[in-house]
Amino acid sequence: MVSDKPTTETVWGWLNQIPDPEIPVISLVDLGVIRDVHWSGDTLEVTVTPTYSGCPATRVINIDIETALRDRGIDKIRLRTRLSPAWTTDWLSETGRRNLETYGIAPPQKAGGPAHCPQCQARDVERISQFGSTPCKALWRCRTCLEPFDYFKCI
Amino acid sequence: MTDPLFEFLCRLGDNTLVLGHRVSEWCGVAPVLEEDIALANTALDLIGQTTMWLNLAGEVEGAGRDADALAFRRDVWDFRNLLLVEQPNGDFGQTMMRQFLFDAWHVLYLTELEKSSDARVAAIAEKSLKEARYHLDRASETVIGLGDGTEESNARMQAALDRLWPYVGEMFDSDAVDMDMVAKGIAPDPGTLRPGFDATVNPVLRKATLTRPESDFAHRGGRSGARHSEHLGHLLTQMQWLQRAYPDATW
């Protein structure tokens, strides 16, 4: 139990340490799925938005948030789901985009395809499939180093 | 009489549920791995949308039913999906043609629903629309690629179009439920979407070198529940088997 309520800034800091269950190099805050944190009396309310409506990670994300907050001594937690405004890759943080790239996943681009191969930086890339290993990714290939790679879809 | 809003929400949720299940039947048996993954992802989006629509339907009904209860504990005559989405997968071409025809309509309908006077409907539509647009892009490209492909793929796509075209008309039917939604500003009259549908579909069919069937004869009875095709019952025996055999099973 904590006697003093932690500030929402502190809570945001904790949430920023929770990795995305499917792409562990970015945090839930980097992913942009946490939309609001505030105290309602002695209950901490966290508002979460799903990336894709059928993404199986959504449920795990909620469990991870609850577990992390309980581990910090918060026992009254209310998780809210917010659908509108719908999640967009514009909400990915700069840190998140950099970490994706370093990990080998090309970050989303307005142009609709990766800027370059995340492995060798070559610009000669082609799409293999509009979908990939998770709902948020598509499968691309580099024509220079010939390696396939994931591209984080821009929505 | 059943609450028209409940009926309307079941129509939306049953469309994505039945199509999502159909598309998921390809999981593990699609022609190539990339298409297998794409089909499974499409199915996942549709099932996710179903959860939102049917949970809201259950909330509106107020009888304690959630999305699972509505999906797994109703029988054929309670389903309100379009006849188009319950049609069998056929070959890969037929599956993609069905997806294309559905997506073309779905994007238009969701675009209108985004402006719904019911904020809950508008929010689900906004979320679903991004996914539906992505599906339509892929389905259009595939229809063009296969239609304007080999002699064999062209013949199969034309056969698929001829087979499925009689199920297009039902998407633009309207009845008392629709008129009630129109009056409340919740949803558009589906009939008004036909010109937009033609404007989406015709250029794709042209690029695919496919011939749009001359007759606009339409089979009806899915969205009203009056007469489903025999295929829906077979689909439900698969989809509902576990909940029927072991009610309230959890793990």
# chains A, B, ... in the order shown; residues from 1 in each chain; ligands from 1

$ closest_atom_pairs --of "chain B" --to "chain A" --cutoff "8 Å" --atoms "only C-alpha atoms" --output "tab-separated table"
residue	atom	partner	partner_atom	distance
B:Glu34	CA	A:Ser129	CA	5.9
B:Glu35	CA	A:Ser129	CA	7.5
B:Ile37	CA	A:Gly132	CA	6.6
B:Ala38	CA	A:Phe131	CA	5.0
B:Asn41	CA	A:Pro135	CA	6.0
B:Leu44	CA	A:Gly54	CA	5.1
B:Asp45	CA	A:Gly54	CA	4.7
B:Leu46	CA	A:Gly54	CA	7.2
B:Ile47	CA	A:Gly54	CA	6.1
B:Gly48	CA	A:Gly54	CA	3.6
B:Gln49	CA	A:Ser53	CA	5.9
B:Ala123	CA	A:Ser84	CA	5.1
B:Ile124	CA	A:Leu83	CA	6.7
B:Glu126	CA	A:Ala86	CA	6.5
B:Lys127	CA	A:Ala86	CA	5.3
B:Ser128	CA	A:Ser53	CA	7.3
B:Lys130	CA	A:Ile155	CA	6.9
B:Glu131	CA	A:Tyr52	CA	7.7
B:Arg138	CA	A:Gln130	CA	7.2

$ write_last_selection --atoms "all heavy atoms" --output "compact mmCIF listing (two decimals), in the first residue's frame"
# COMPACT_ATOMS: atom_id res chain seq x y z
N GLU B 34 2.06 -15.95 -47.58
CA GLU B 34 1.75 -14.53 -47.42
C GLU B 34 0.23 -14.29 -47.47
O GLU B 34 -0.31 -13.48 -46.73
CB GLU B 34 2.43 -13.68 -48.50
CG GLU B 34 3.93 -13.54 -48.34
CD GLU B 34 4.69 -14.79 -48.78
OE1 GLU B 34 4.06 -15.70 -49.38
OE2 GLU B 34 5.89 -14.87 -48.51
N GLU B 35 -0.44 -15.01 -48.36
CA GLU B 35 -1.89 -14.86 -48.46
C GLU B 35 -2.59 -15.47 -47.25
O GLU B 35 -3.62 -14.99 -46.79
CB GLU B 35 -2.41 -15.49 -49.76
CG GLU B 35 -1.97 -14.77 -51.02
CD GLU B 35 -2.31 -13.27 -51.01
OE1 GLU B 35 -3.31 -12.88 -50.38
OE2 GLU B 35 -1.56 -12.50 -51.63
N ILE B 37 -1.43 -15.53 -44.23
CA ILE B 37 -1.28 -14.55 -43.15
C ILE B 37 -2.22 -13.36 -43.37
O ILE B 37 -2.86 -12.87 -42.44
CB ILE B 37 0.19 -14.07 -43.06
CG1 ILE B 37 1.07 -15.22 -42.56
CG2 ILE B 37 0.32 -12.87 -42.14
CD1 ILE B 37 2.55 -14.95 -42.66
N ALA B 38 -2.32 -12.92 -44.62
CA ALA B 38 -3.19 -11.79 -44.93
C ALA B 38 -4.65 -12.13 -44.64
O ALA B 38 -5.40 -11.33 -44.06
CB ALA B 38 -3.02 -11.38 -46.39
N ASN B 41 -5.25 -12.25 -40.90
CA ASN B 41 -5.30 -10.89 -40.35
C ASN B 41 -6.61 -10.19 -40.67
O ASN B 41 -7.16 -9.46 -39.85
CB ASN B 41 -4.13 -10.06 -40.89
CG ASN B 41 -2.89 -10.17 -40.03
OD1 ASN B 41 -2.85 -9.63 -38.94
ND2 ASN B 41 -1.90 -10.88 -40.50
N LEU B 44 -9.20 -11.54 -38.44
CA LEU B 44 -9.00 -11.02 -37.08
C LEU B 44 -9.63 -9.62 -36.95
O LEU B 44 -10.32 -9.33 -35.97
CB LEU B 44 -7.51 -10.96 -36.80
CG LEU B 44 -7.04 -10.80 -35.36
CD1 LEU B 44 -7.51 -11.96 -34.52
CD2 LEU B 44 -5.52 -10.71 -35.33
N ASP B 45 -9.39 -8.77 -37.93
CA ASP B 45 -10.00 -7.43 -37.92
C ASP B 45 -11.52 -7.55 -37.86
O ASP B 45 -12.19 -6.85 -37.09
CB ASP B 45 -9.63 -6.65 -39.20
CG ASP B 45 -8.19 -6.15 -39.20
OD1 ASP B 45 -7.58 -6.09 -38.13
OD2 ASP B 45 -7.69 -5.82 -40.30
N LEU B 46 -12.06 -8.43 -38.71
CA LEU B 46 -13.52 -8.57 -38.79
C LEU B 46 -14.11 -9.08 -37.47
O LEU B 46 -15.16 -8.63 -37.03
CB LEU B 46 -13.91 -9.49 -39.95
CG LEU B 46 -13.62 -8.91 -41.35
CD1 LEU B 46 -13.73 -10.01 -42.42
CD2 LEU B 46 -14.60 -7.78 -41.68
N ILE B 47 -13.41 -10.03 -36.84
CA ILE B 47 -13.90 -10.57 -35.57
C ILE B 47 -13.81 -9.48 -34.48
O ILE B 47 -14.68 -9.36 -33.62
CB ILE B 47 -13.13 -11.84 -35.16
CG1 ILE B 47 -13.31 -12.96 -36.21
CG2 ILE B 47 -13.56 -12.33 -33.78
CD1 ILE B 47 -14.73 -13.41 -36.43
N GLY B 48 -12.75 -8.68 -34.54
CA GLY B 48 -12.62 -7.57 -33.59
C GLY B 48 -13.77 -6.58 -33.73
O GLY B 48 -14.33 -6.11 -32.74
N GLN B 49 -14.11 -6.28 -34.97
CA GLN B 49 -15.23 -5.36 -35.22
C GLN B 49 -16.54 -5.98 -34.71
O GLN B 49 -17.40 -5.30 -34.15
CB GLN B 49 -15.33 -5.04 -36.72
CG GLN B 49 -14.12 -4.25 -37.23
CD GLN B 49 -14.04 -4.20 -38.76
OE1 GLN B 49 -15.02 -4.45 -39.44
NE2 GLN B 49 -12.87 -3.88 -39.29
N ALA B 123 -18.20 5.89 -33.13
CA ALA B 123 -16.86 5.51 -32.67
C ALA B 123 -16.44 4.15 -33.24
O ALA B 123 -15.30 3.97 -33.70
CB ALA B 123 -16.81 5.47 -31.15
N ILE B 124 -17.36 3.19 -33.25
CA ILE B 124 -17.02 1.86 -33.79
C ILE B 124 -16.78 1.97 -35.30
O ILE B 124 -15.86 1.36 -35.85
CB ILE B 124 -18.14 0.82 -33.49
CG1 ILE B 124 -18.31 0.67 -31.98
CG2 ILE B 124 -17.80 -0.52 -34.13
CD1 ILE B 124 -19.48 -0.22 -31.55
N GLU B 126 -15.70 4.59 -36.92
CA GLU B 126 -14.41 5.26 -37.14
C GLU B 126 -13.25 4.28 -37.01
O GLU B 126 -12.32 4.28 -37.81
CB GLU B 126 -14.26 6.39 -36.11
CG GLU B 126 -12.99 7.19 -36.26
CD GLU B 126 -12.75 8.15 -35.09
OE1 GLU B 126 -13.69 8.44 -34.33
OE2 GLU B 126 -11.59 8.61 -34.96
N LYS B 127 -13.35 3.43 -35.99
CA LYS B 127 -12.30 2.43 -35.75
C LYS B 127 -12.27 1.41 -36.90
O LYS B 127 -11.20 1.05 -37.41
CB LYS B 127 -12.58 1.72 -34.42
CG LYS B 127 -11.54 0.73 -33.98
CD LYS B 127 -10.34 1.42 -33.41
CE LYS B 127 -9.10 0.55 -33.51
NZ LYS B 127 -7.88 1.37 -33.53
N SER B 128 -13.44 0.92 -37.30
CA SER B 128 -13.53 -0.13 -38.32
C SER B 128 -13.13 0.37 -39.70
O SER B 128 -12.59 -0.38 -40.51
CB SER B 128 -14.97 -0.66 -38.41
OG SER B 128 -15.43 -1.06 -37.15
N LYS B 130 -10.81 2.36 -40.82
CA LYS B 130 -9.39 2.29 -41.16
C LYS B 130 -9.03 0.89 -41.64
O LYS B 130 -8.26 0.72 -42.57
CB LYS B 130 -8.54 2.63 -39.94
CG LYS B 130 -8.60 4.07 -39.53
CD LYS B 130 -7.55 4.37 -38.48
CE LYS B 130 -7.46 5.87 -38.26
NZ LYS B 130 -6.15 6.26 -37.73
N GLU B 131 -9.59 -0.10 -40.96
CA GLU B 131 -9.29 -1.49 -41.32
C GLU B 131 -9.98 -1.85 -42.64
O GLU B 131 -9.38 -2.49 -43.51
CB GLU B 131 -9.75 -2.42 -40.19
CG GLU B 131 -8.93 -2.18 -38.92
CD GLU B 131 -9.56 -2.69 -37.63
OE1 GLU B 131 -10.67 -3.27 -37.68
OE2 GLU B 131 -8.96 -2.49 -36.58
N ARG B 138 -6.38 -4.04 -50.64
CA ARG B 138 -5.81 -5.35 -50.95
C ARG B 138 -6.72 -6.15 -51.87
O ARG B 138 -6.27 -6.75 -52.86
CB ARG B 138 -5.55 -6.13 -49.66
CG ARG B 138 -5.18 -7.57 -49.91
CD ARG B 138 -4.71 -8.31 -48.67
NE ARG B 138 -4.49 -9.70 -48.98
CZ ARG B 138 -5.43 -10.62 -48.91
NH1 ARG B 138 -6.63 -10.31 -48.49
NH2 ARG B 138 -5.17 -11.87 -49.24

$ residues_around --residues "Val37 of chain A" --least-positions-apart "4" --cutoff "7 Å" --atoms "only C-alpha atoms" --output "list in words"
Thr8, Glu45, Val46 and Thr47 of chain A

$ select_by_dssp --residues "chain A" --states "alpha helix (DSSP H)" --output "PyMOL selection string"
chain A and resi 8-15+28-31+57-71+94-103

$ write_last_selection --atoms "N, CA and C atoms" --output "mmCIF file, in the first residue's frame"
data_model
loop_
_atom_site.group_PDB
_atom_site.id
_atom_site.type_symbol
_atom_site.label_atom_id
_atom_site.label_comp_id
_atom_site.auth_asym_id
_atom_site.auth_seq_id
_atom_site.Cartn_x
_atom_site.Cartn_y
_atom_site.Cartn_z
ATOM 1 N N THR A 8 0.365 11.843 -11.447
ATOM 2 C CA THR A 8 0.118 11.204 -12.749
ATOM 3 C C THR A 8 1.416 11.152 -13.567
ATOM 4 N N GLU A 9 2.315 12.142 -13.356
ATOM 5 C CA GLU A 9 3.605 12.115 -14.068
ATOM 6 C C GLU A 9 4.382 10.855 -13.691
ATOM 7 N N THR A 10 4.355 10.547 -12.394
ATOM 8 C CA THR A 10 5.050 9.344 -11.929
ATOM 9 C C THR A 10 4.437 8.107 -12.594
ATOM 10 N N VAL A 11 3.092 8.088 -12.646
ATOM 11 C CA VAL A 11 2.401 6.934 -13.242
ATOM 12 C C VAL A 11 2.762 6.804 -14.719
ATOM 13 N N TRP A 12 2.796 7.931 -15.435
ATOM 14 C CA TRP A 12 3.194 7.887 -16.862
ATOM 15 C C TRP A 12 4.588 7.281 -16.992
ATOM 16 N N GLY A 13 5.468 7.640 -16.051
ATOM 17 C CA GLY A 13 6.836 7.097 -16.065
ATOM 18 C C GLY A 13 6.824 5.577 -15.898
ATOM 19 N N TRP A 14 5.982 5.079 -15.013
ATOM 20 C CA TRP A 14 5.877 3.622 -14.813
ATOM 21 C C TRP A 14 5.338 2.947 -16.085
ATOM 22 N N LEU A 15 4.300 3.571 -16.631
ATOM 23 C CA LEU A 15 3.683 2.969 -17.829
ATOM 24 C C LEU A 15 4.679 2.934 -18.992
ATOM 25 N N LEU A 28 4.433 0.870 -24.033
ATOM 26 C CA LEU A 28 3.029 1.171 -24.314
ATOM 27 C C LEU A 28 2.827 2.665 -24.530
ATOM 28 N N VAL A 29 3.628 3.486 -23.825
ATOM 29 C CA VAL A 29 3.519 4.936 -24.007
ATOM 30 C C VAL A 29 4.057 5.325 -25.393
ATOM 31 N N ASP A 30 5.194 4.714 -25.798
ATOM 32 C CA ASP A 30 5.739 4.963 -27.138
ATOM 33 C C ASP A 30 4.739 4.586 -28.225
ATOM 34 N N LEU A 31 4.007 3.510 -27.987
ATOM 35 C CA LEU A 31 3.041 3.011 -28.973
ATOM 36 C C LEU A 31 1.847 3.962 -29.131
ATOM 37 N N ALA A 57 -3.217 -8.674 -28.718
ATOM 38 C CA ALA A 57 -2.338 -8.085 -27.701
ATOM 39 C C ALA A 57 -3.096 -7.118 -26.788
ATOM 40 N N THR A 58 -4.256 -6.614 -27.259
ATOM 41 C CA THR A 58 -5.002 -5.627 -26.480
ATOM 42 C C THR A 58 -5.303 -6.133 -25.070
ATOM 43 N N ARG A 59 -5.733 -7.393 -24.992
ATOM 44 C CA ARG A 59 -6.091 -7.958 -23.700
ATOM 45 C C ARG A 59 -4.848 -8.080 -22.813
ATOM 46 N N VAL A 60 -3.752 -8.509 -23.429
ATOM 47 C CA VAL A 60 -2.500 -8.658 -22.680
ATOM 48 C C VAL A 60 -2.022 -7.285 -22.186
ATOM 49 N N ILE A 61 -2.180 -6.277 -23.018
ATOM 50 C CA ILE A 61 -1.776 -4.916 -22.646
ATOM 51 C C ILE A 61 -2.518 -4.484 -21.379
ATOM 52 N N ASN A 62 -3.818 -4.728 -21.338
ATOM 53 C CA ASN A 62 -4.610 -4.355 -20.163
ATOM 54 C C ASN A 62 -4.139 -5.098 -18.907
ATOM 55 N N ILE A 63 -3.840 -6.380 -19.069
ATOM 56 C CA ILE A 63 -3.362 -7.171 -17.928
ATOM 57 C C ILE A 63 -2.002 -6.635 -17.461
ATOM 58 N N ASP A 64 -1.136 -6.308 -18.425
ATOM 59 C CA ASP A 64 0.206 -5.806 -18.085
ATOM 60 C C ASP A 64 0.132 -4.471 -17.335
ATOM 61 N N ILE A 65 -0.789 -3.612 -17.759
ATOM 62 C CA ILE A 65 -0.938 -2.313 -17.083
ATOM 63 C C ILE A 65 -1.383 -2.530 -15.645
ATOM 64 N N GLU A 66 -2.393 -3.382 -15.515
ATOM 65 C CA GLU A 66 -2.932 -3.626 -14.183
ATOM 66 C C GLU A 66 -1.868 -4.238 -13.258
ATOM 67 N N THR A 67 -1.127 -5.215 -13.794
ATOM 68 C CA THR A 67 -0.082 -5.871 -12.999
ATOM 69 C C THR A 67 0.992 -4.864 -12.577
ATOM 70 N N ALA A 68 1.428 -4.046 -13.532
ATOM 71 C CA ALA A 68 2.502 -3.085 -13.228
ATOM 72 C C ALA A 68 2.059 -2.097 -12.151
ATOM 73 N N LEU A 69 0.813 -1.636 -12.232
ATOM 74 C CA LEU A 69 0.333 -0.657 -11.254
ATOM 75 C C LEU A 69 0.150 -1.296 -9.876
ATOM 76 N N ARG A 70 -0.331 -2.531 -9.862
ATOM 77 C CA ARG A 70 -0.491 -3.236 -8.579
ATOM 78 C C ARG A 70 0.871 -3.449 -7.922
ATOM 79 N N ASP A 71 1.882 -3.800 -8.759
ATOM 80 C CA ASP A 71 3.231 -4.006 -8.232
ATOM 81 C C ASP A 71 3.773 -2.731 -7.583
ATOM 82 N N GLU A 94 8.816 9.539 -31.036
ATOM 83 C CA GLU A 94 10.087 9.544 -31.776
ATOM 84 C C GLU A 94 11.001 8.436 -31.275
ATOM 85 N N THR A 95 11.017 8.266 -29.932
ATOM 86 C CA THR A 95 11.818 7.180 -29.348
ATOM 87 C C THR A 95 11.332 5.839 -29.897
ATOM 88 N N GLY A 96 10.012 5.695 -29.940
ATOM 89 C CA GLY A 96 9.416 4.463 -30.433
ATOM 90 C C GLY A 96 9.846 4.180 -31.873
ATOM 91 N N ARG A 97 9.792 5.201 -32.707
ATOM 92 C CA ARG A 97 10.168 5.033 -34.119
ATOM 93 C C ARG A 97 11.637 4.613 -34.248
ATOM 94 N N ARG A 98 12.498 5.280 -33.440
ATOM 95 C CA ARG A 98 13.927 4.947 -33.488
ATOM 96 C C ARG A 98 14.172 3.510 -33.041
ATOM 97 N N ASN A 99 13.502 3.121 -31.942
ATOM 98 C CA ASN A 99 13.710 1.770 -31.419
ATOM 99 C C ASN A 99 13.220 0.700 -32.394
ATOM 100 N N LEU A 100 12.122 0.992 -33.098
ATOM 101 C CA LEU A 100 11.618 0.038 -34.102
ATOM 102 C C LEU A 100 12.688 -0.187 -35.161
ATOM 103 N N GLU A 101 13.223 0.915 -35.653
ATOM 104 C CA GLU A 101 14.225 0.862 -36.730
ATOM 105 C C GLU A 101 15.462 0.068 -36.299
ATOM 106 N N THR A 102 15.950 0.359 -35.085
ATOM 107 C CA THR A 102 17.130 -0.350 -34.581
ATOM 108 C C THR A 102 16.848 -1.845 -34.452
ATOM 109 N N TYR A 103 15.609 -2.170 -34.115
ATOM 110 C CA TYR A 103 15.181 -3.564 -33.910
ATOM 111 C C TYR A 103 15.007 -4.299 -35.244
#

$ select_by_dssp --residues "segment 30-150 of chain A" --states "strand (DSSP E or B)" --output "ChimeraX atom specification"
/A:34-40,43-48,77-81,105-106,125-129,137-142,148-150

$ residues_around --residues "Thr89 of chain A" --least-positions-apart "3" --cutoff "9 Å" --atoms "only C-alpha atoms" --output "MDAnalysis selection string"
chainID A and resid 31:32 51 92 108:109 152:155

$ write_last_selection --atoms "N, CA, C and O atoms" --output "tab-separated table (two decimals), in the first residue's frame"
chain	number	residue	atom	x	y	z
A	31	LEU	N	4.01	3.51	-27.99
A	31	LEU	CA	3.04	3.01	-28.97
A	31	LEU	C	1.85	3.96	-29.13
A	31	LEU	O	1.16	3.96	-30.14
A	32	GLY	N	1.62	4.78	-28.11
A	32	GLY	CA	0.54	5.76	-28.19
A	32	GLY	C	-0.84	5.20	-27.83
A	32	GLY	O	-1.85	5.82	-28.14
A	51	THR	N	-5.02	-0.76	-30.86
A	51	THR	CA	-4.38	-0.45	-32.14
A	51	THR	C	-5.29	-0.92	-33.27
A	51	THR	O	-5.79	-0.13	-34.05
A	92	LEU	N	2.83	7.31	-32.45
A	92	LEU	CA	4.08	6.65	-32.08
A	92	LEU	C	5.09	7.73	-31.71
A	92	LEU	O	5.23	8.72	-32.44
A	108	PRO	N	6.53	3.52	-39.64
A	108	PRO	CA	5.53	3.95	-40.62
A	108	PRO	C	5.90	5.26	-41.31
A	108	PRO	O	6.53	6.13	-40.70
A	109	GLN	N	5.54	5.38	-42.56
A	109	GLN	CA	5.79	6.61	-43.33
A	109	GLN	C	4.50	7.01	-44.01
A	109	GLN	O	3.75	6.16	-44.49
A	152	PHE	N	6.08	-1.29	-40.21
A	152	PHE	CA	4.96	-0.92	-39.34
A	152	PHE	C	3.97	-0.11	-40.18
A	152	PHE	O	4.30	0.98	-40.64
A	153	LYS	N	2.78	-0.67	-40.44
A	153	LYS	CA	1.80	-0.04	-41.33
A	153	LYS	C	1.43	1.37	-40.86
A	153	LYS	O	1.30	1.61	-39.66
A	154	CYS	N	1.24	2.26	-41.80
A	154	CYS	CA	0.88	3.64	-41.46
A	154	CYS	C	-0.65	3.77	-41.52
A	154	CYS	O	-1.25	3.64	-42.57
A	155	ILE	N	-1.29	3.97	-40.38
A	155	ILE	CA	-2.75	4.17	-40.41
A	155	ILE	C	-3.11	5.41	-39.60
A	155	ILE	O	-2.37	5.84	-38.76

$ closest_residue --among "B:Arg22, B:Arg163, B:Lys115, B:Arg156" --to "Phe217 of chain B" --atoms "only C-alpha atoms"
B:Arg163

$ residues_around --residues "segment 57-74 of chain B" --least-positions-apart "4" --cutoff "6 Å" --atoms "only C-alpha atoms" --output "number ranges by chain"
B: 6, 9, 51, 78, 240

$ closest_residue --among "B:Asp178, B:Pro166, B:Ala245, B:Pro188" --to "Ala218 of chain B" --atoms "only C-alpha atoms"
B:Pro166

$ atom_distance --atom1 "atom CA of Gly222 of chain B" --atom2 "atom CA of Ala176 of chain B"
15.1 Å

$ atom_distance --atom1 "atom CA of Phe197 of chain B" --atom2 "atom CA of Ala125 of chain B"
17.9 Å

$ atom_distance --atom1 "atom CA of Pro195 of chain B" --atom2 "atom CA of Pro213 of chain B"
16.5 Å

$ closest_residue --among "A:Asp42, A:Pro107, A:Val48, A:Thr144" --to "Asp75 of chain A" --atoms "only C-alpha atoms"
A:Asp42

$ closest_residue --among "A:Leu146, A:Leu44, A:Val33, A:Ile23" --to "Cys120 of chain A" --atoms "only C-alpha atoms"
A:Leu146

$ decode --residues "segment 47-55 of chain A" --atoms "all heavy atoms" --output "short mmCIF file (atom, residue, chain, number, x, y, z; two decimals), in the first residue's frame"
data_model
loop_
_atom_site.label_atom_id
_atom_site.label_comp_id
_atom_site.auth_asym_id
_atom_site.auth_seq_id
_atom_site.Cartn_x
_atom_site.Cartn_y
_atom_site.Cartn_z
N THR A 47 -6.88 5.33 -19.42
CA THR A 47 -7.66 5.15 -20.64
C THR A 47 -6.75 4.59 -21.75
O THR A 47 -5.69 5.16 -22.03
CB THR A 47 -8.27 6.49 -21.09
OG1 THR A 47 -9.04 7.01 -20.00
CG2 THR A 47 -9.16 6.32 -22.30
N VAL A 48 -7.20 3.48 -22.32
CA VAL A 48 -6.40 2.77 -23.32
C VAL A 48 -7.19 2.69 -24.62
O VAL A 48 -8.40 2.51 -24.60
CB VAL A 48 -6.07 1.34 -22.83
CG1 VAL A 48 -5.14 0.63 -23.79
CG2 VAL A 48 -5.45 1.38 -21.44
N THR A 49 -6.49 2.83 -25.75
CA THR A 49 -7.17 2.67 -27.04
C THR A 49 -6.54 1.49 -27.77
O THR A 49 -5.31 1.29 -27.69
CB THR A 49 -7.09 3.96 -27.88
OG1 THR A 49 -8.01 3.88 -28.97
CG2 THR A 49 -5.69 4.22 -28.43
N PRO A 50 -7.35 0.65 -28.44
CA PRO A 50 -6.75 -0.49 -29.15
C PRO A 50 -6.08 -0.05 -30.45
O PRO A 50 -6.49 0.94 -31.06
CB PRO A 50 -7.95 -1.39 -29.45
CG PRO A 50 -9.15 -0.50 -29.45
CD PRO A 50 -8.82 0.66 -28.55
N THR A 51 -5.02 -0.76 -30.86
CA THR A 51 -4.38 -0.45 -32.14
C THR A 51 -5.29 -0.92 -33.27
O THR A 51 -5.79 -0.13 -34.05
CB THR A 51 -3.01 -1.14 -32.25
OG1 THR A 51 -3.18 -2.52 -31.96
CG2 THR A 51 -2.01 -0.52 -31.30
N TYR A 52 -5.50 -2.23 -33.33
CA TYR A 52 -6.43 -2.81 -34.30
C TYR A 52 -7.54 -3.47 -33.50
O TYR A 52 -7.29 -3.99 -32.43
CB TYR A 52 -5.72 -3.83 -35.21
CG TYR A 52 -4.86 -3.12 -36.23
CD1 TYR A 52 -3.60 -2.66 -35.88
CD2 TYR A 52 -5.34 -2.86 -37.51
CE1 TYR A 52 -2.82 -1.96 -36.80
CE2 TYR A 52 -4.57 -2.17 -38.43
CZ TYR A 52 -3.31 -1.72 -38.07
OH TYR A 52 -2.57 -1.02 -38.98
N SER A 53 -8.77 -3.44 -34.06
CA SER A 53 -9.91 -3.89 -33.26
C SER A 53 -9.80 -5.36 -32.85
O SER A 53 -10.32 -5.74 -31.82
CB SER A 53 -11.22 -3.62 -33.99
OG SER A 53 -11.23 -4.23 -35.24
N GLY A 54 -9.10 -6.17 -33.65
CA GLY A 54 -9.03 -7.59 -33.30
C GLY A 54 -7.68 -8.00 -32.75
O GLY A 54 -7.40 -9.18 -32.61
N CYS A 55 -6.82 -7.02 -32.45
CA CYS A 55 -5.47 -7.37 -32.03
C CYS A 55 -5.48 -8.13 -30.70
O CYS A 55 -5.95 -7.62 -29.69
CB CYS A 55 -4.59 -6.13 -31.90
SG CYS A 55 -2.89 -6.57 -31.50
#
